[in-house]
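Colleague: Attaching a single structure in structure tokens format; questions to follow.
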Amino acid sequence: MSVAFAVAWRQLYRLFTTPSLFLPSLLFPLFFFTAFAGGLSRVAEVPGFNFPAGYTAFQFVFVFLQSAAFGGVFTGFSIARDFESGFTRRLFLAAPHRSAVVAGWVLAALGRFLITATIIFGVGLATGMQVLGDGVDLFGLVVLGLLVNLAATLWASGVAMRLRTMQAGPAMQMPVFLALFLAPVYVPLDLLSGWVHAVASVNPISFLLEAGRGFLGGDPVHVAIAFGSAVGLAAAFSLWAFRSLRRAESAA
Amino acid sequence: MNRAFATQVYWLARRSVVRTFRQPASAIPAVAFPLILLSVNTGGLHAATRLPGFPTNSFLDFALAFAFMQGAMFSTMNAGTDLAKDIQTGFLTRLSLTPLKSSALLAGQLAGVLALGLVQAIVYLTAGLAAGATIEAGIGGIAVLLLLSMCICIAFGTLGAFLALRTGSGEAVQGLFPLLFVLLFLSSMNMPRNLISIGWFRTIATINPVSYLIEGLRSLVIVGWDGQALALAFGIVAAIGLIALVSASRALKVRLARA
């Protein structure tokens, strides 16, 4: 545990003392929130769009889960940077249990997400976002975000451990970006059209988004399938991360 | 003298074009990424066409201009990064020892941007037409669409060259990408300005020059021949290009004097 806490502390300390590392992961979701909730608010008037909390809240859930996912991806970037600089190699030599290093990365990503999410939530409330869910619903939304963050961190750290270079950035980012955008981002699933509707219907991220919007709107839907998907993704990427760890160990 | 200038431009342009297409890591995202976003947004926002006052019943037609605009933004990155690499590797310093004209250097460097921009525009247009888009302005409109798209690529490419000459750093040029992305998303990219209901967003979209470039391109697809939209788009792109060219020429002089 001491290794995990030390790794997490180092990651978080470096993050908050280096604005160029922290600001992108905060500004990226805030920018999407501004662009989508501000520019597309009339979409709420489309026939068939029924979300009682309004378009700002509708977009907030997407941005909240996006910040959870990208918190994991940005953590993957710093892991790759540590591999390039040789720091992780030294860390692997010093740590008695290397899986504790991965646990440290996960803890750091969770801490990073909680701070980003708090700021985003504050901005959402300041811009007039309506919250119709109660405390239990909001707790559900936060747990959903934490699970997404966990899954994304395990995915990105797995890629970082396999490729061990900063050039792995697009390989971490693009699948996450596509998975997020091939979901009901702008309108509910029923209003999507064409192949995007077909893909979104089977994309697990769609269930996470709909459940999250249900929590914020005070009318939870797809809760079991959303948590099942999130736990399933986290479990699958745990396997991926620990297999990648074995590769990184043999290369170290 | 003119022949010597043409020869200089030719060799630098040839090098620039060959280098652009030998870097699939730069060229492929510049072509593919706007198409992916166009496709996702078309499926995701088709429902917006049901809003009263929406100018077309096909979101693909409405959003096609976005791909051209985003492609042009990749031109900024490519032109700037390539030129910064030349500065960092010392190629520009070696060129400064030859009787090369600085205007030939800029023109030659931008040839790669122009070539990639043309390929991008043809790919976006072909993909759009294959997916069912219709160009209201007809064949002539397609020619003007390509011309405007090329002008936007050159203007933004020159901006990238200026940044590279000013900073000498590829990372600094890459750092501009989020800012360009912000300009793109805070424009009338996804919604006509008169349908943006949030006041401050509509104000930003109205003063954002990118809105007028998109609207100029879009007018050819969904309206036909809209003189005002085209005049604004060509005027703004000329202004951006001119400012970028003057700035880049000055920065080049400083850079060559240092070398």
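Residues in the structure tokens are numbered from 1 in each chain, the chains being A, B, ... in the order shown, and ligands are numbered from 1 in the order shown.
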Find the residues of chain A in contact range of chain B, meaning any atom within 6 Å when counting only C-alpha atoms, and list them as a count of residues only.

Modeller: 9

Colleague: Could you give me, as a PyMOL selection string, the residues within 12 Å of Leu176 (chain B), counting only C-alpha atoms and dropping anything in the same chain fewer than 5 positions from it?

Modeller: chain B and resi 73-74+76-78+80-81+156+159-160+162-164+167+169-171+181-183

Colleague: Got a sec: who's within 8 Å of Phe92 (chain A), counting only C-alpha atoms, leaving out chain neighbours fewer than 3 positions off, as a list in words?

Modeller: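 The contact residues come out as Thr88, Arg89, Ala95, Arg98, Val101, Glu249 and Ala252 of chain A.
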
Colleague: Just give me the gap between CA of Ser25 (chain A) and CA of Val73 (chain A) in Å, one decimal is fine.

Modeller: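 Here the two named atoms are 9.3 Å from each other.
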
Colleague: Neighbours of Leu27 (chain A) within 12 Å (only C-alpha atoms; same-chain residues fewer than 4 positions away dropped), as number ranges by chain?

Modeller: A: 19-23, 31-35, 63, 66-67, 70-71, 116-117, 119-120, 123; B: 178-179, 182

Colleague: Emit the selected residues as a PDB file, in the first residue's frame, including C-alpha atoms.

Modeller:
```pdb
ATOM      1  CA  PRO A  19      -0.230  23.842 -14.758  1.00  0.00           C
ATOM      2  CA  SER A  20       0.526  22.574 -18.277  1.00  0.00           C
ATOM      3  CA  LEU A  21      -0.393  19.074 -17.051  1.00  0.00           C
ATOM      4  CA  PHE A  22      -3.464  19.968 -15.005  1.00  0.00           C
ATOM      5  CA  LEU A  23      -5.100  22.659 -17.134  1.00  0.00           C
ATOM      6  CA  PHE A  31     -14.735  23.720 -23.242  1.00  0.00           C
ATOM      7  CA  PHE A  32     -17.013  20.939 -24.505  1.00  0.00           C
ATOM      8  CA  PHE A  33     -19.577  21.883 -21.854  1.00  0.00           C
ATOM      9  CA  THR A  34     -19.507  25.498 -23.039  1.00  0.00           C
ATOM     10  CA  ALA A  35     -19.633  24.639 -26.733  1.00  0.00           C
ATOM     11  CA  VAL A  63     -19.015  16.186 -19.935  1.00  0.00           C
ATOM     12  CA  GLN A  66     -15.940  12.531 -20.488  1.00  0.00           C
ATOM     13  CA  SER A  67     -13.818  14.160 -17.773  1.00  0.00           C
ATOM     14  CA  PHE A  70     -10.060  11.672 -20.052  1.00  0.00           C
ATOM     15  CA  GLY A  71      -8.741  11.850 -16.476  1.00  0.00           C
ATOM     16  CA  THR A 116     -11.918  18.033 -11.882  1.00  0.00           C
ATOM     17  CA  ALA A 117     -15.475  16.770 -11.339  1.00  0.00           C
ATOM     18  CA  ILE A 119     -14.897  22.108 -10.437  1.00  0.00           C
ATOM     19  CA  ILE A 120     -17.073  21.067 -13.394  1.00  0.00           C
ATOM     20  CA  VAL A 123     -19.406  25.513 -13.081  1.00  0.00           C
TER      21      VAL A 123
ATOM     22  CA  PRO B 178      -6.503  23.695 -28.959  1.00  0.00           C
ATOM     23  CA  LEU B 179      -7.007  27.423 -29.601  1.00  0.00           C
ATOM     24  CA  VAL B 182     -11.956  26.475 -29.601  1.00  0.00           C
TER      25      VAL B 182
END
```

Colleague: Using only C-alpha atoms, which protein or nucleic acid residues come within 8 Å of Ala72 (chain B)? Drop anything in the same chain fewer than 2 positions from it, and give the result as JSON, numbers by chain.

Modeller: {"B": [68, 69, 70, 74, 75, 76, 117, 149, 152, 153, 156, 157]}

Colleague: Excluding Val231 (chain A) and any residue of its chain fewer than 2 positions from it, enumerate the residues within 10 Å of it, using only C-alpha atoms, and give them as a PyMOL selection string.

Modeller: chain A and resi 144+147-148+150-151+225-229+233-237

Colleague: How would the residues just chosen look if you wrote them out with N, CA, C and O atoms as a PDB file, in the first residue's frame?

Modeller:
```
ATOM      1  N   LEU A 144     -20.671   6.082 -10.794  1.00  0.00           N
ATOM      2  CA  LEU A 144     -20.580   5.761 -12.225  1.00  0.00           C
ATOM      3  C   LEU A 144     -19.341   6.440 -12.827  1.00  0.00           C
ATOM      4  O   LEU A 144     -18.580   5.812 -13.576  1.00  0.00           O
ATOM      5  N   LEU A 147     -16.170   4.665 -11.748  1.00  0.00           N
ATOM      6  CA  LEU A 147     -15.959   3.401 -12.471  1.00  0.00           C
ATOM      7  C   LEU A 147     -15.441   3.670 -13.888  1.00  0.00           C
ATOM      8  O   LEU A 147     -14.565   2.952 -14.384  1.00  0.00           O
ATOM      9  N   VAL A 148     -15.973   4.702 -14.536  1.00  0.00           N
ATOM     10  CA  VAL A 148     -15.497   5.056 -15.884  1.00  0.00           C
ATOM     11  C   VAL A 148     -14.038   5.493 -15.816  1.00  0.00           C
ATOM     12  O   VAL A 148     -13.214   5.103 -16.650  1.00  0.00           O
ATOM     13  N   LEU A 150     -11.859   4.587 -13.569  1.00  0.00           N
ATOM     14  CA  LEU A 150     -11.050   3.390 -13.296  1.00  0.00           C
ATOM     15  C   LEU A 150     -10.795   2.621 -14.589  1.00  0.00           C
ATOM     16  O   LEU A 150      -9.654   2.248 -14.902  1.00  0.00           O
ATOM     17  N   ALA A 151     -11.872   2.400 -15.353  1.00  0.00           N
ATOM     18  CA  ALA A 151     -11.738   1.634 -16.606  1.00  0.00           C
ATOM     19  C   ALA A 151     -10.794   2.353 -17.573  1.00  0.00           C
ATOM     20  O   ALA A 151      -9.913   1.731 -18.178  1.00  0.00           O
ATOM     21  N   ILE A 225     -27.882  -2.208 -15.898  1.00  0.00           N
ATOM     22  CA  ILE A 225     -27.068  -2.465 -17.102  1.00  0.00           C
ATOM     23  C   ILE A 225     -25.886  -1.479 -17.173  1.00  0.00           C
ATOM     24  O   ILE A 225     -24.789  -1.825 -17.617  1.00  0.00           O
ATOM     25  N   ALA A 226     -26.105  -0.252 -16.697  1.00  0.00           N
ATOM     26  CA  ALA A 226     -25.025   0.747 -16.722  1.00  0.00           C
ATOM     27  C   ALA A 226     -23.915   0.354 -15.753  1.00  0.00           C
ATOM     28  O   ALA A 226     -22.739   0.348 -16.122  1.00  0.00           O
ATOM     29  N   PHE A 227     -24.300  -0.003 -14.517  1.00  0.00           N
ATOM     30  CA  PHE A 227     -23.263  -0.401 -13.554  1.00  0.00           C
ATOM     31  C   PHE A 227     -22.609  -1.713 -13.982  1.00  0.00           C
ATOM     32  O   PHE A 227     -21.398  -1.888 -13.823  1.00  0.00           O
ATOM     33  N   GLY A 228     -23.416  -2.614 -14.562  1.00  0.00           N
ATOM     34  CA  GLY A 228     -22.866  -3.877 -15.069  1.00  0.00           C
ATOM     35  C   GLY A 228     -21.832  -3.602 -16.152  1.00  0.00           C
ATOM     36  O   GLY A 228     -20.737  -4.186 -16.155  1.00  0.00           O
ATOM     37  N   SER A 229     -22.153  -2.687 -17.073  1.00  0.00           N
ATOM     38  CA  SER A 229     -21.225  -2.344 -18.159  1.00  0.00           C
ATOM     39  C   SER A 229     -19.953  -1.722 -17.599  1.00  0.00           C
ATOM     40  O   SER A 229     -18.842  -2.057 -18.029  1.00  0.00           O
ATOM     41  N   LEU A 233     -16.321  -3.296 -17.948  1.00  0.00           N
ATOM     42  CA  LEU A 233     -15.216  -2.602 -18.623  1.00  0.00           C
ATOM     43  C   LEU A 233     -13.995  -2.517 -17.705  1.00  0.00           C
ATOM     44  O   LEU A 233     -12.865  -2.765 -18.129  1.00  0.00           O
ATOM     45  N   ALA A 234     -14.246  -2.181 -16.440  1.00  0.00           N
ATOM     46  CA  ALA A 234     -13.135  -2.072 -15.486  1.00  0.00           C
ATOM     47  C   ALA A 234     -12.443  -3.426 -15.304  1.00  0.00           C
ATOM     48  O   ALA A 234     -11.211  -3.500 -15.256  1.00  0.00           O
ATOM     49  N   ALA A 235     -13.245  -4.505 -15.240  1.00  0.00           N
ATOM     50  CA  ALA A 235     -12.656  -5.836 -15.054  1.00  0.00           C
ATOM     51  C   ALA A 235     -11.832  -6.228 -16.282  1.00  0.00           C
ATOM     52  O   ALA A 235     -10.706  -6.728 -16.168  1.00  0.00           O
ATOM     53  N   ALA A 236     -12.385  -5.986 -17.473  1.00  0.00           N
ATOM     54  CA  ALA A 236     -11.677  -6.343 -18.712  1.00  0.00           C
ATOM     55  C   ALA A 236     -10.369  -5.553 -18.830  1.00  0.00           C
ATOM     56  O   ALA A 236      -9.322  -6.117 -19.182  1.00  0.00           O
ATOM     57  N   PHE A 237     -10.421  -4.265 -18.499  1.00  0.00           N
ATOM     58  CA  PHE A 237      -9.203  -3.461 -18.625  1.00  0.00           C
ATOM     59  C   PHE A 237      -8.210  -3.731 -17.486  1.00  0.00           C
ATOM     60  O   PHE A 237      -7.026  -3.460 -17.645  1.00  0.00           O
TER      61      PHE A 237
END
```

Colleague: Determine, counting only C-alpha atoms, which protein, DNA and RNA residues have an atom within 9 Å of an atom of Thr56 (chain B); residues of the same chain fewer than 5 positions away are not included. Present the result as a PyMOL selection string.

Modeller: chain B and resi 49+61-62+222-223

Colleague: With distances taken over only C-alpha atoms, which residue among A:Thr165, A:Gln130, A:Ser244, A:Thr18 lies nearest Gly86 (chain A)?

Modeller: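 Comparing A:Thr165, A:Gln130, A:Ser244, A:Thr18 against Gly86 (chain A), the winner is A:Thr165.
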
Colleague: Out of region 36-197 of chain B, which residues get alpha helix (DSSP H) from DSSP, as JSON, numbers by chain?

Modeller: {"B": [36, 37, 38, 39, 40, 41, 42, 43, 44, 45, 59, 60, 61, 62, 63, 64, 65, 66, 67, 68, 69, 70, 71, 72, 73, 74, 75, 76, 77, 78, 79, 80, 81, 82, 83, 84, 85, 86, 87, 88, 89, 91, 92, 93, 94, 95, 96, 102, 103, 104, 105, 106, 107, 108, 109, 110, 111, 112, 113, 114, 115, 116, 117, 118, 119, 120, 121, 122, 123, 124, 125, 126, 127, 128, 129, 130, 138, 139, 140, 141, 142, 143, 144, 145, 146, 147, 148, 149, 150, 151, 152, 153, 154, 155, 156, 157, 158, 159, 160, 161, 162, 163, 164, 165, 166, 167, 170, 171, 172, 173, 174, 177, 178, 179, 180, 181, 182, 183, 184, 185]}

Colleague: Go ahead and compute the interatomic distance for CA of Ala30 (chain B) and CA of Phe64 (chain A), in Å to one decimal.

Modeller: 28.2 Å

Colleague: Measuring atom to atom with only C-alpha atoms, identify which of A:Ala68, A:Ala57, A:Ala80, A:Ala198 is nearest to Thr127 (chain A).

Modeller: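 The closest residue to Thr127 (chain A) is A:Ala57.
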
Colleague: Given only C-alpha atoms as the basis, pick out the residue of A:Phe36, A:Tyr186, A:Phe77, A:Phe5 nearest to Phe51 (chain A).

Modeller: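 Ranking A:Phe36, A:Tyr186, A:Phe77, A:Phe5 by distance to Phe51 (chain A), first place goes to A:Tyr186.
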
Colleague: Closest to Pro52 (chain A) among A:Ala241, A:Gln167, A:Arg246, A:Met129, using only C-alpha atoms?

Modeller: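 Nearest candidate to Pro52 (chain A) out of A:Ala241, A:Gln167, A:Arg246, A:Met129: A:Met129.
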
Colleague: May I ask which of the residues A:Val143, A:Val131, A:Val61, A:Val159 is the closest one to Ser78 (chain A), counting only C-alpha atoms?

Modeller: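 Going through A:Val143, A:Val131, A:Val61, A:Val159 one by one, the smallest distance to Ser78 (chain A) is for A:Val159.
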